[in-house]
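Participant: Dropping in coords37.cif, with mmCIF, C-alpha atoms and all ligand atoms.
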data_coords
#
loop_
_atom_site.label_atom_id
_atom_site.label_comp_id
_atom_site.auth_asym_id
_atom_site.auth_seq_id
_atom_site.Cartn_x
_atom_site.Cartn_y
_atom_site.Cartn_z
CA MET A 1 -28.43 -127.68 100.26
CA GLU A 2 -31.00 -125.20 99.00
CA LEU A 3 -28.49 -122.47 98.19
CA VAL A 4 -24.72 -122.47 97.76
CA VAL A 5 -22.62 -119.37 97.22
CA ARG A 6 -19.30 -120.28 95.62
CA ASN A 7 -16.36 -118.89 93.65
CA THR A 8 -15.62 -116.19 96.22
CA SER A 9 -12.34 -114.41 96.91
CA GLU A 10 -13.15 -114.91 100.59
CA VAL A 11 -16.00 -115.20 103.05
CA LEU A 12 -15.91 -112.86 106.05
CA THR A 13 -17.73 -114.49 108.94
CA CYS A 14 -17.21 -111.48 111.28
CA ASP A 15 -17.23 -114.13 113.96
CA GLY A 16 -13.69 -113.79 115.33
CA PRO A 17 -12.96 -112.47 118.83
CA LEU A 18 -14.29 -108.94 119.41
CA GLU A 19 -11.31 -107.99 121.56
CA GLY A 20 -8.08 -107.29 119.73
CA PRO A 21 -7.44 -106.21 116.16
CA ALA A 22 -10.47 -105.83 113.89
CA GLU A 23 -8.73 -107.91 111.21
CA ASP A 24 -8.97 -110.91 113.55
CA THR A 25 -12.69 -110.33 114.14
CA LEU A 26 -13.32 -110.50 110.38
CA GLY A 27 -12.88 -114.28 110.38
CA ARG A 28 -11.63 -114.55 106.79
CA VAL A 29 -12.12 -117.82 104.93
CA ALA A 30 -10.10 -117.74 101.71
CA ARG A 31 -12.04 -119.04 98.67
CA GLY A 32 -14.89 -119.77 101.02
CA ALA A 33 -18.36 -121.04 100.26
CA VAL A 34 -21.64 -120.68 102.14
CA GLY A 35 -24.33 -123.36 102.10
CA VAL A 36 -27.88 -122.59 103.17
CA THR A 37 -30.96 -124.66 103.99
CA GLY A 38 -34.17 -123.48 105.63
CA GLY A 39 -32.94 -119.90 105.91
CA ARG A 40 -29.94 -120.95 108.02
CA VAL A 41 -26.27 -121.37 107.24
CA VAL A 42 -25.46 -125.07 107.10
CA PHE A 43 -21.97 -124.89 105.61
CA LEU A 44 -19.26 -122.30 106.07
CA GLY A 45 -15.75 -123.08 104.95
CA ALA A 46 -13.37 -123.41 102.05
CA GLU A 47 -15.18 -124.29 98.83
CA SER A 48 -12.85 -127.26 98.46
CA GLU A 49 -14.37 -128.68 101.67
CA LEU A 50 -17.99 -128.56 100.51
CA PRO A 51 -19.37 -132.01 101.37
CA GLU A 52 -20.16 -134.38 98.58
CA GLY A 53 -23.79 -134.09 97.56
CA ALA A 54 -24.05 -130.49 98.82
CA ILE A 55 -25.02 -129.35 95.35
CA THR A 56 -27.86 -131.24 93.69
CA SER A 57 -30.20 -130.43 90.85
CA GLN A 58 -32.44 -128.71 93.45
CA THR A 59 -29.69 -126.36 94.66
CA THR A 60 -29.59 -122.72 93.65
CA VAL A 61 -25.93 -121.90 93.05
CA ILE A 62 -24.76 -118.30 93.12
CA ASP A 63 -21.41 -117.75 91.44
CA ALA A 64 -19.78 -114.85 93.29
CA ARG A 65 -17.37 -114.41 90.34
CA GLY A 66 -14.41 -113.76 92.58
CA GLY A 67 -16.20 -111.25 94.79
CA PHE A 68 -16.21 -111.50 98.58
CA VAL A 69 -19.16 -112.47 100.75
CA GLY A 70 -20.10 -111.34 104.23
CA PRO A 71 -23.08 -111.06 106.54
CA GLY A 72 -25.90 -108.77 105.43
CA PHE A 73 -25.35 -105.26 106.73
CA VAL A 74 -27.11 -104.07 109.87
CA ASP A 75 -28.01 -100.37 109.79
CA CYS A 76 -28.56 -99.81 113.49
CA HIS A 77 -29.87 -96.21 113.49
CA THR A 78 -32.33 -94.80 110.94
CA HIS A 79 -35.39 -92.58 110.84
CA VAL A 80 -36.70 -93.74 107.45
CA VAL A 81 -40.41 -93.37 108.26
CA PHE A 82 -41.26 -89.73 107.65
CA ALA A 83 -43.11 -87.44 105.27
CA GLY A 84 -42.06 -84.15 103.72
CA ASP A 85 -38.87 -82.66 102.34
CA ARG A 86 -36.26 -80.33 103.85
CA SER A 87 -34.09 -79.63 100.81
CA ASP A 88 -34.53 -75.90 101.47
CA GLU A 89 -32.80 -76.37 104.84
CA PHE A 90 -29.95 -78.15 103.08
CA GLU A 91 -29.60 -75.10 100.87
CA GLN A 92 -29.63 -72.77 103.89
CA ARG A 93 -26.86 -74.82 105.53
CA CYS A 94 -24.82 -74.61 102.33
CA GLN A 95 -25.16 -70.85 102.65
CA GLY A 96 -23.84 -70.91 106.20
CA LYS A 97 -26.85 -71.27 108.53
CA SER A 98 -26.30 -73.90 111.21
CA TYR A 99 -28.56 -76.88 111.90
CA LEU A 100 -29.51 -75.35 115.28
CA GLU A 101 -30.23 -71.90 113.78
CA ILE A 102 -32.53 -73.47 111.22
CA ALA A 103 -34.31 -75.46 113.93
CA ALA A 104 -34.69 -72.38 116.15
CA ALA A 105 -36.31 -70.53 113.23
CA GLY A 106 -39.07 -73.15 113.01
CA GLY A 107 -37.32 -75.65 110.73
CA GLY A 108 -35.67 -78.90 111.73
CA ILE A 109 -37.49 -81.83 113.29
CA ALA A 110 -40.68 -79.73 113.75
CA ARG A 111 -41.03 -79.40 109.96
CA THR A 112 -40.95 -83.15 109.48
CA VAL A 113 -43.35 -83.60 112.38
CA ALA A 114 -45.89 -81.32 110.71
CA ALA A 115 -45.67 -83.28 107.44
CA THR A 116 -45.67 -86.69 109.13
CA ARG A 117 -48.78 -85.90 111.15
CA GLU A 118 -50.61 -85.21 107.88
CA ALA A 119 -49.72 -88.62 106.43
CA SER A 120 -51.78 -91.77 106.82
CA GLN A 121 -50.17 -95.07 107.80
CA GLU A 122 -50.43 -96.20 104.17
CA GLN A 123 -48.75 -93.02 102.96
CA LEU A 124 -45.94 -93.43 105.50
CA VAL A 125 -45.41 -97.00 104.30
CA ALA A 126 -45.36 -95.90 100.66
CA LEU A 127 -42.86 -93.13 101.41
CA ALA A 128 -40.53 -95.40 103.36
CA LEU A 129 -40.51 -98.31 100.88
CA PRO A 130 -38.09 -96.75 98.36
CA ARG A 131 -35.72 -95.81 101.19
CA LEU A 132 -35.68 -99.42 102.39
CA THR A 133 -35.15 -100.60 98.81
CA GLN A 134 -32.10 -98.32 98.64
CA LEU A 135 -30.77 -99.94 101.81
CA LEU A 136 -31.49 -103.43 100.48
CA ALA A 137 -29.59 -102.63 97.29
CA ARG A 138 -26.64 -101.68 99.48
CA GLY A 139 -26.61 -105.04 101.23
CA VAL A 140 -28.65 -104.10 104.31
CA THR A 141 -30.70 -107.04 105.61
CA THR A 142 -31.65 -105.53 109.00
CA ALA A 143 -32.40 -101.91 109.82
CA GLU A 144 -33.47 -100.17 112.97
CA VAL A 145 -36.22 -97.57 112.44
CA LYS A 146 -37.16 -94.94 115.02
CA SER A 147 -40.44 -93.17 115.55
CA GLY A 148 -40.13 -89.54 116.64
CA TYR A 149 -41.67 -87.55 113.78
CA GLY A 150 -45.24 -88.02 115.02
CA LEU A 151 -44.87 -86.52 118.47
CA ASP A 152 -48.46 -86.93 119.46
CA ALA A 153 -49.83 -90.17 120.80
CA GLU A 154 -51.72 -91.06 117.67
CA ALA A 155 -48.99 -90.17 115.18
CA GLU A 156 -46.31 -91.96 117.20
CA LEU A 157 -48.42 -95.13 117.28
CA ARG A 158 -49.18 -94.71 113.56
CA THR A 159 -45.47 -94.49 112.82
CA LEU A 160 -44.72 -97.64 114.82
CA ARG A 161 -47.58 -99.44 113.08
CA ALA A 162 -46.20 -98.28 109.74
CA ILE A 163 -42.86 -99.84 110.71
CA ALA A 164 -44.65 -103.11 111.57
CA ALA A 165 -46.46 -103.02 108.21
CA LEU A 166 -43.20 -102.29 106.40
CA SER A 167 -41.61 -105.33 108.04
CA LYS A 168 -44.15 -107.49 106.24
CA ALA A 169 -44.08 -105.55 102.96
CA GLN A 170 -40.42 -105.86 102.00
CA PRO A 171 -37.35 -108.01 102.81
CA VAL A 172 -35.29 -105.81 105.16
CA GLU A 173 -35.93 -106.96 108.73
CA LEU A 174 -36.92 -103.95 110.81
CA VAL A 175 -36.26 -103.30 114.47
CA ALA A 176 -38.49 -100.52 115.81
CA THR A 177 -37.42 -97.98 118.43
CA PHE A 178 -39.78 -95.59 120.23
CA LEU A 179 -38.30 -92.07 120.11
CA GLY A 180 -41.11 -90.01 121.61
CA LEU A 181 -38.46 -87.85 123.28
CA HIS A 182 -37.08 -86.64 119.94
CA ALA A 183 -38.23 -83.02 120.21
CA VAL A 184 -40.71 -81.18 122.39
CA PRO A 185 -43.93 -81.06 120.29
CA PRO A 186 -45.16 -77.52 119.49
CA GLU A 187 -48.32 -77.96 121.60
CA PHE A 188 -46.19 -78.84 124.62
CA LYS A 189 -43.64 -76.02 124.40
CA GLU A 190 -44.94 -74.39 127.57
CA ARG A 191 -45.61 -77.68 129.37
CA ARG A 192 -42.89 -80.09 128.32
CA GLU A 193 -43.34 -82.04 131.55
CA ALA A 194 -46.74 -83.18 130.28
CA TRP A 195 -45.18 -84.57 127.08
CA VAL A 196 -42.48 -86.43 129.00
CA ARG A 197 -45.14 -87.85 131.31
CA LEU A 198 -47.29 -88.94 128.36
CA CYS A 199 -44.35 -90.64 126.65
CA VAL A 200 -42.93 -92.30 129.76
CA ASP A 201 -46.02 -93.21 131.74
CA GLU A 202 -48.62 -93.84 129.04
CA LEU A 203 -47.12 -94.44 125.61
CA LEU A 204 -44.13 -96.53 126.61
CA PRO A 205 -46.12 -99.19 128.54
CA ARG A 206 -48.71 -99.29 125.75
CA ILE A 207 -46.04 -99.70 123.08
CA VAL A 208 -44.39 -102.50 125.03
CA GLY A 209 -47.78 -104.15 125.60
CA GLU A 210 -48.56 -104.05 121.89
CA GLN A 211 -44.99 -105.12 121.01
CA LEU A 212 -44.59 -102.13 118.72
CA ALA A 213 -40.96 -101.42 119.64
CA SER A 214 -38.00 -103.34 120.96
CA ALA A 215 -36.06 -100.35 122.34
CA CYS A 216 -36.60 -96.73 123.30
CA ASP A 217 -34.47 -93.68 122.72
CA ALA A 218 -34.22 -89.97 123.60
CA PHE A 219 -32.43 -87.01 122.02
CA VAL A 220 -30.42 -85.51 124.88
CA GLU A 221 -29.47 -82.02 123.75
CA GLN A 222 -29.93 -78.39 124.78
CA SER A 223 -32.62 -78.01 122.14
CA ALA A 224 -34.34 -81.29 123.02
CA PHE A 225 -34.37 -83.22 126.34
CA THR A 226 -32.46 -82.97 129.61
CA HIS A 227 -30.51 -85.56 131.55
CA ASP A 228 -33.29 -85.79 134.10
CA GLU A 229 -35.92 -86.36 131.45
CA ALA A 230 -33.79 -89.13 129.95
CA ARG A 231 -33.40 -90.59 133.45
CA ARG A 232 -37.19 -90.83 133.78
CA LEU A 233 -37.43 -92.64 130.46
CA ALA A 234 -34.59 -94.97 131.48
CA ALA A 235 -36.22 -95.88 134.79
CA LYS A 236 -39.49 -96.80 133.09
CA ALA A 237 -37.74 -98.68 130.28
CA LYS A 238 -35.81 -100.68 132.87
CA ALA A 239 -39.01 -101.54 134.73
CA LEU A 240 -40.56 -102.70 131.44
CA GLY A 241 -37.45 -104.62 130.38
CA LEU A 242 -36.91 -102.48 127.29
CA PRO A 243 -33.38 -101.65 126.12
CA LEU A 244 -32.45 -97.96 126.10
CA ARG A 245 -30.45 -96.11 123.46
CA LEU A 246 -29.62 -92.39 123.50
CA HIS A 247 -28.76 -89.65 121.00
CA VAL A 248 -26.03 -87.79 122.89
CA ASP A 249 -23.22 -85.25 122.50
CA GLN A 250 -24.22 -84.57 118.90
CA LEU A 251 -24.43 -80.77 118.54
CA THR A 252 -23.27 -79.55 121.94
CA ALA A 253 -21.15 -81.20 124.62
CA ASN A 254 -23.17 -81.97 127.71
CA GLY A 255 -21.86 -85.14 129.25
CA GLY A 256 -24.35 -87.24 127.32
CA ALA A 257 -21.98 -90.17 126.91
CA GLN A 258 -21.50 -90.37 130.67
CA LEU A 259 -25.28 -90.25 131.06
CA ALA A 260 -25.73 -93.12 128.58
CA ALA A 261 -23.16 -95.14 130.51
CA GLU A 262 -24.74 -94.30 133.87
CA LEU A 263 -28.20 -95.34 132.64
CA GLY A 264 -26.94 -98.61 131.18
CA ALA A 265 -27.95 -97.64 127.64
CA VAL A 266 -27.04 -100.28 125.08
CA SER A 267 -25.69 -97.57 122.79
CA ALA A 268 -24.78 -93.91 122.79
CA ASP A 269 -25.31 -92.51 119.31
CA HIS A 270 -23.62 -89.58 117.47
CA LEU A 271 -20.87 -88.51 119.95
CA GLU A 272 -19.31 -85.71 117.89
CA GLN A 273 -18.81 -83.73 121.11
CA ILE A 274 -17.85 -86.56 123.47
CA SER A 275 -15.15 -85.86 126.08
CA ALA A 276 -12.32 -88.06 127.34
CA ALA A 277 -14.41 -88.69 130.48
CA GLY A 278 -17.31 -89.79 128.25
CA ILE A 279 -15.09 -92.28 126.43
CA ALA A 280 -13.83 -93.67 129.75
CA ALA A 281 -17.38 -94.01 131.10
CA MET A 282 -18.55 -95.86 127.98
CA LYS A 283 -15.61 -98.23 128.14
CA GLN A 284 -16.29 -98.93 131.80
CA ARG A 285 -19.98 -99.74 131.26
CA GLY A 286 -19.61 -101.47 127.89
CA THR A 287 -21.79 -98.89 126.11
CA ILE A 288 -21.61 -99.28 122.33
CA ALA A 289 -20.77 -96.15 120.32
CA VAL A 290 -22.90 -95.64 117.20
CA LEU A 291 -21.30 -93.13 114.83
CA ALA A 292 -23.22 -91.43 112.03
CA PRO A 293 -20.55 -89.81 109.85
CA THR A 294 -22.89 -88.91 106.99
CA SER A 295 -24.88 -86.76 109.41
CA THR A 296 -21.75 -84.96 110.64
CA LEU A 297 -21.14 -84.15 106.97
CA PHE A 298 -24.71 -83.39 105.96
CA ALA A 299 -25.65 -81.35 109.04
CA ARG A 300 -22.27 -79.58 108.83
CA ALA A 301 -21.91 -80.41 112.50
CA LYS A 302 -18.19 -81.04 112.84
CA PRO A 303 -16.05 -82.27 114.52
CA TYR A 304 -16.45 -85.87 113.43
CA ALA A 305 -16.84 -88.22 116.41
CA PRO A 306 -13.49 -89.55 117.66
CA GLY A 307 -13.85 -93.09 116.36
CA ARG A 308 -10.13 -93.79 116.70
CA ALA A 309 -10.00 -92.73 120.34
CA LEU A 310 -13.14 -94.76 121.08
CA ARG A 311 -11.72 -97.92 119.49
CA ASP A 312 -8.31 -97.38 121.11
CA ALA A 313 -10.02 -97.09 124.49
CA GLY A 314 -11.70 -100.46 123.85
CA VAL A 315 -15.22 -99.16 123.10
CA LEU A 316 -17.15 -101.13 120.45
CA VAL A 317 -17.93 -98.80 117.54
CA ALA A 318 -20.93 -99.35 115.27
CA LEU A 319 -21.81 -97.27 112.21
CA CYS A 320 -25.14 -96.25 110.74
CA THR A 321 -26.57 -94.26 107.86
CA ASN A 322 -28.89 -92.32 110.24
CA CYS A 323 -31.07 -91.94 107.15
CA ASN A 324 -33.48 -89.05 107.89
CA PRO A 325 -34.71 -85.91 106.11
CA GLY A 326 -32.83 -83.34 108.20
CA SER A 327 -29.34 -84.39 109.19
CA SER A 328 -28.53 -87.32 106.86
CA ASN A 329 -30.62 -87.75 103.74
CA SER A 330 -28.63 -90.78 102.65
CA GLU A 331 -28.95 -94.56 102.54
CA ASN A 332 -25.36 -94.84 101.38
CA VAL A 333 -23.59 -97.46 103.50
CA SER A 334 -20.28 -97.28 101.64
CA LEU A 335 -20.17 -93.47 101.91
CA ALA A 336 -20.68 -93.83 105.67
CA MET A 337 -17.85 -96.38 105.77
CA GLY A 338 -15.60 -94.15 103.70
CA LEU A 339 -16.21 -91.15 105.96
CA ALA A 340 -15.71 -93.34 109.03
CA CYS A 341 -12.22 -94.13 107.70
CA LEU A 342 -11.38 -90.65 106.41
CA GLU A 343 -12.87 -88.59 109.22
CA ASN A 344 -13.61 -90.77 112.28
CA GLY A 345 -10.24 -92.49 112.00
CA LEU A 346 -11.43 -96.09 111.69
CA THR A 347 -9.66 -98.69 109.59
CA PRO A 348 -11.62 -100.34 106.75
CA ALA A 349 -11.93 -103.50 108.85
CA GLU A 350 -13.30 -101.53 111.81
CA ALA A 351 -15.75 -99.71 109.54
CA TYR A 352 -16.91 -103.01 108.04
CA LEU A 353 -17.51 -104.46 111.53
CA GLY A 354 -19.44 -101.31 112.43
CA PHE A 355 -22.07 -102.21 109.84
CA THR A 356 -22.06 -105.94 110.65
CA ARG A 357 -21.24 -107.60 113.99
CA ILE A 358 -21.13 -104.44 116.10
CA GLY A 359 -24.20 -102.87 114.48
CA ALA A 360 -26.10 -106.02 115.41
CA LEU A 361 -24.89 -105.77 119.01
CA ALA A 362 -26.24 -102.21 119.18
CA LEU A 363 -29.63 -103.71 118.31
CA SER A 364 -29.26 -106.42 120.96
CA ARG A 365 -29.37 -108.97 118.11
CA PRO A 366 -26.04 -110.79 118.49
CA GLU A 367 -27.00 -113.53 116.02
CA LEU A 368 -27.04 -110.98 113.17
CA GLY A 369 -24.10 -109.29 111.47
CA ARG A 370 -22.03 -112.48 111.59
CA LEU A 371 -22.03 -115.84 109.84
CA THR A 372 -22.11 -119.03 111.87
CA VAL A 373 -23.26 -122.55 111.08
CA GLY A 374 -26.84 -122.64 112.35
CA GLY A 375 -27.14 -118.85 112.23
CA PRO A 376 -29.34 -116.76 109.93
CA ALA A 377 -28.44 -116.85 106.24
CA ASP A 378 -28.40 -113.07 105.70
CA LEU A 379 -25.66 -112.38 103.17
CA ALA A 380 -24.22 -109.63 101.05
CA ILE A 381 -22.28 -110.75 97.98
CA PHE A 382 -19.99 -108.13 96.50
CA GLY A 383 -18.62 -107.49 93.04
CA CYS A 384 -15.18 -106.68 94.46
CA ALA A 385 -12.64 -109.04 95.98
CA SER A 386 -11.95 -107.18 99.23
CA TYR A 387 -13.89 -105.36 101.95
CA ARG A 388 -11.23 -102.64 101.65
CA THR A 389 -12.81 -101.57 98.36
CA LEU A 390 -16.04 -100.51 100.09
CA PRO A 391 -14.73 -97.35 101.82
CA TYR A 392 -12.11 -96.82 99.11
CA HIS A 393 -14.60 -96.73 96.23
CA LEU A 394 -16.20 -93.83 98.03
CA GLY A 395 -19.96 -93.81 97.98
CA MET A 396 -20.27 -96.43 95.24
CA ASN A 397 -22.33 -99.57 95.53
CA GLU A 398 -20.34 -102.80 95.17
CA VAL A 399 -23.20 -105.12 96.18
CA ALA A 400 -24.01 -107.80 93.60
CA HIS A 401 -26.64 -109.77 95.57
CA THR A 402 -28.45 -109.39 98.86
CA ILE A 403 -29.73 -112.58 100.49
CA LYS A 404 -32.23 -112.48 103.38
CA ALA A 405 -32.94 -115.69 105.31
CA GLY A 406 -31.52 -117.72 102.43
CA ARG A 407 -33.61 -116.01 99.76
CA SER A 408 -32.16 -113.82 97.03
CA VAL A 409 -33.90 -110.47 97.53
CA TRP A 410 -31.80 -108.10 95.46
CA CYS A 411 -29.45 -108.55 92.53
CA ALA A 412 -27.46 -105.91 90.61
O1 LIG B 501 -30.30 -88.54 114.49
N1 LIG B 501 -30.49 -85.93 116.33
C1 LIG B 501 -31.66 -86.06 116.23
N2 LIG B 501 -32.34 -86.73 115.31
C2 LIG B 501 -31.90 -86.92 113.96
C3 LIG B 501 -32.10 -85.69 113.13
C4 LIG B 501 -33.49 -85.48 112.83
C5 LIG B 501 -33.84 -84.36 111.87
O2 LIG B 501 -33.14 -83.35 111.71
O3 LIG B 501 -34.90 -84.54 111.30
C6 LIG B 501 -30.48 -87.43 113.97
O4 LIG B 501 -29.57 -86.78 113.48
#
Could you express the structure from this file as structure tokens?
Ligand code: NIG
Facilitator:
Amino acid sequence: MELVVRNTSEVLTCDGPLEGPAEDTLGRVARGAVGVTGGRVVFLGAESELPEGAITSQTTVIDARGGFVGPGFVDCHTHVVFAGDRSDEFEQRCQGKSYLEIAAAGGGIARTVAATREASQEQLVALALPRLTQLLARGVTTAEVKSGYGLDAEAELRTLRAIAALSKAQPVELVATFLGLHAVPPEFKERREAWVRLCVDELLPRIVGEQLASACDAFVEQSAFTHDEARRLAAKAKALGLPLRLHVDQLTANGGAQLAAELGAVSADHLEQISAAGIAAMKQRGTIAVLAPTSTLFARAKPYAPGRALRDAGVLVALCTNCNPGSSNSENVSLAMGLACLENGLTPAEAYLGFTRIGALALSRPELGRLTVGGPADLAIFGCASYRTLPYHLGMNEVAHTIKAGRSVWCA
């Protein structure tokens, strides 16, 4: 074998049944080992069962020193490609202004759009690289990245091309999402219909044709886009075979979760304001919930989404950092997990699955976020013996090594 990870407390395959208790989904292998060849897992089991000859003089052996090992994390909702800084808005929120008040006064997404439009593709790549390195250091091997801070045809395409360039420039695998319907661009304030038409009828087919994104998204909110506008996007995405995801019920309650279910969205993201009817609709249609607890904290946009009620209703719950300059300036996976336990009501096992198996499902990439023989060798090796330490050691980084496709790409 090319690589063997041994001397673990346990290996979590995250490959158990999705229905039922999260602890069963974790697929724990006590004192497990992982063997890798050609970027794929070729052995998964107790170290004592490693076949003879598995370790040769050619094998790289990683001693986990009693730490646990699991699949690389999947951060299924980020906006890491942007320019500019909104620390002044953070300060205003600390002084009591709300996220929506700041946006209405000319701040918010529009500020980042202005800065992002000024940046070249190379500058966007350079700005995003350290954010991706932060994610890598926290065990993230796959991250979704949305456009949505360009908001003109050229700047949206430039953002998506920057994401493609970033995919080649660093080890975190990137999954791009077109979020043209993030905010109404300033030039289109009086003719929003023209922006929706441009996004839906011109940009979306072009982006699909050029393979620049593998999903599309819209921010459904009083201050952003309506149900009908999201419906138009959904119809075109369906015709083009592109999965849909939606930002819904984040700042105000408006039946967004029901809309996501109705439109067959793969995921409904945020959900702070979801209703009981929204939970029931998501369960019925199998819509995945993506919770972003660091943005509930950072945007001061409580309540926290009802993670417990979602899980209890049988909805799959993924987690994300939602790393972005306005509502969640954080790449901190373990802080998100800790908040998910403390404030969204998830158990540590449920939070861990939210950043692994279920996060991967939200990206329509079921082979990721789990370990199977023959599957991708994306691993996170931790300095602690149990996954329970991740949310408990609030906001701290327990990752000792990150492995992408069988290659060691980060080491503490
Ligand atoms: O996911 N909700 C909309 N979009 C981002 C926030 C973007 C911003 O404030 O820059 C989010 O929270």
Participant: Collect all residues with atoms no farther than 7 Å from ligand LIG 501 (chain B), counting only C-alpha atoms and all ligand atoms, and output them as a list in words.
Facilitator: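 With only C-alpha atoms and all ligand atoms and a cut-off of 7 Å, ligand LIG 501 (chain B) is contacted by Gly108, Ile109, Thr112, His182, Phe219, His247, Gln250, Ser295, Asn322, Asn324, Pro325, Gly326, Ser327 and Ser328 of chain A.
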Participant: With C-alpha atoms retained, write the just-selected residues as a tab-separated table (two decimals), in the frame of the given file.
Facilitator:
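The resulting file, selection31.tsv, is shown below:
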chain	number	residue	atom	x	y	z
A	108	GLY	CA	-35.67	-78.90	111.73
A	109	ILE	CA	-37.49	-81.83	113.29
A	112	THR	CA	-40.95	-83.15	109.48
A	182	HIS	CA	-37.08	-86.64	119.94
A	219	PHE	CA	-32.43	-87.01	122.02
A	247	HIS	CA	-28.76	-89.65	121.00
A	250	GLN	CA	-24.22	-84.57	118.90
A	295	SER	CA	-24.88	-86.76	109.41
A	322	ASN	CA	-28.89	-92.32	110.24
A	324	ASN	CA	-33.48	-89.05	107.89
A	325	PRO	CA	-34.71	-85.91	106.11
A	326	GLY	CA	-32.83	-83.34	108.20
A	327	SER	CA	-29.34	-84.39	109.19
A	328	SER	CA	-28.53	-87.32	106.86
Participant: Please report the interatomic distance between CA of Ser386 (chain A) and CA of Leu132 (chain A) in Å with one decimal.
Facilitator: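 Separation of CA of Ser386 (chain A) and CA of Leu132 (chain A): 25.2 Å.
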Participant: To one decimal in Å, tell me the separation between CA of Glu343 (chain A) and CA of Leu291 (chain A).
Facilitator: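 CA of Glu343 (chain A) sits 11.1 Å away from CA of Leu291 (chain A).
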Participant: Enumerate, in order of chain and increasing residue number, the residues of region 19-102 of chain A with an atom no farther than 12 Å from region 134-142 of chain A, each with its shortest atom pair and distance in Å to one decimal, counting all atoms listed in the file, as a tab-separated table.
Facilitator:
residue	atom	partner	partner_atom	distance
A:Val69	CA	A:Gly139	CA	10.5
A:Gly70	CA	A:Gly139	CA	9.5
A:Pro71	CA	A:Thr141	CA	8.7
A:Gly72	CA	A:Thr141	CA	5.1
A:Phe73	CA	A:Val140	CA	4.3
A:Val74	CA	A:Thr142	CA	4.8
A:Asp75	CA	A:Thr142	CA	6.4
A:Cys76	CA	A:Thr142	CA	7.9
A:His77	CA	A:Thr142	CA	10.5
A:Thr78	CA	A:Leu135	CA	10.6
A:Val80	CA	A:Leu135	CA	10.3
Participant: Which of these residues is nearest to Ala46 (chain A), using only C-alpha atoms: A:Leu259, A:Ala33, A:Ala253, A:Ala194?
Facilitator: A:Ala33
Participant: List the neighbours of Ala230 (chain A) out to 8 Å using all atoms listed in the file; skip same-chain residues closer than 5 positions along the sequence, and give me the result as a PyMOL selection string.
Facilitator: chain A and resi 218+220+225
Participant: Hey, can you check how far CA of Leu157 (chain A) sits from CA of Ala104 (chain A)?
Facilitator: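 Computing it gives 26.6 Å between the two atoms.
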Participant: Set the distance at 9 Å and use all atoms listed in the file: which residues neighbour Tyr387 (chain A) once local chain neighbours fewer than 2 positions away are removed? I'd like the list as a PyMOL selection string.
Facilitator: chain A and resi 12+68-70+348-349+352+382+384-385+389-391
Participant: Nearest to Lys236 (chain A): which of A:Glu210, A:Cys199, A:Ser267, A:Ser275 is it, counting all atoms listed in the file?
Facilitator: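 Comparing A:Glu210, A:Cys199, A:Ser267, A:Ser275 against Lys236 (chain A), the winner is A:Cys199.
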Participant: So, counting all atoms listed in the file, which residue among A:Arg192, A:Leu212, A:Glu122, A:Arg300 is closest to Gln92 (chain A)?
Facilitator: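 Looking only at the distances to Gln92 (chain A), the closest residue turns out to be A:Arg300.
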Participant: Let me make sure I understand: among A:Arg206, A:Phe43, A:Val196, A:Asp249, which one has the smallest atom-to-atom distance to Ala234 (chain A) if we use only C-alpha atoms?
Facilitator: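 Nearest to Ala234 (chain A): A:Val196.
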Participant: Identify which of the residues A:Ala239, A:Val373, A:Ile381, A:Ala313 lies closest to Thr37 (chain A), counting all atoms listed in the file when measuring atom-to-atom distances.
Facilitator: A:Val373
Participant: Give the answer as one residue: which of A:Arg131, A:His393, A:Arg285, A:Arg357 has the shortest atom-to-atom distance to Pro17 (chain A), using all atoms listed in the file?
Facilitator: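 Under the stated criterion, the closest residue is A:Arg357.
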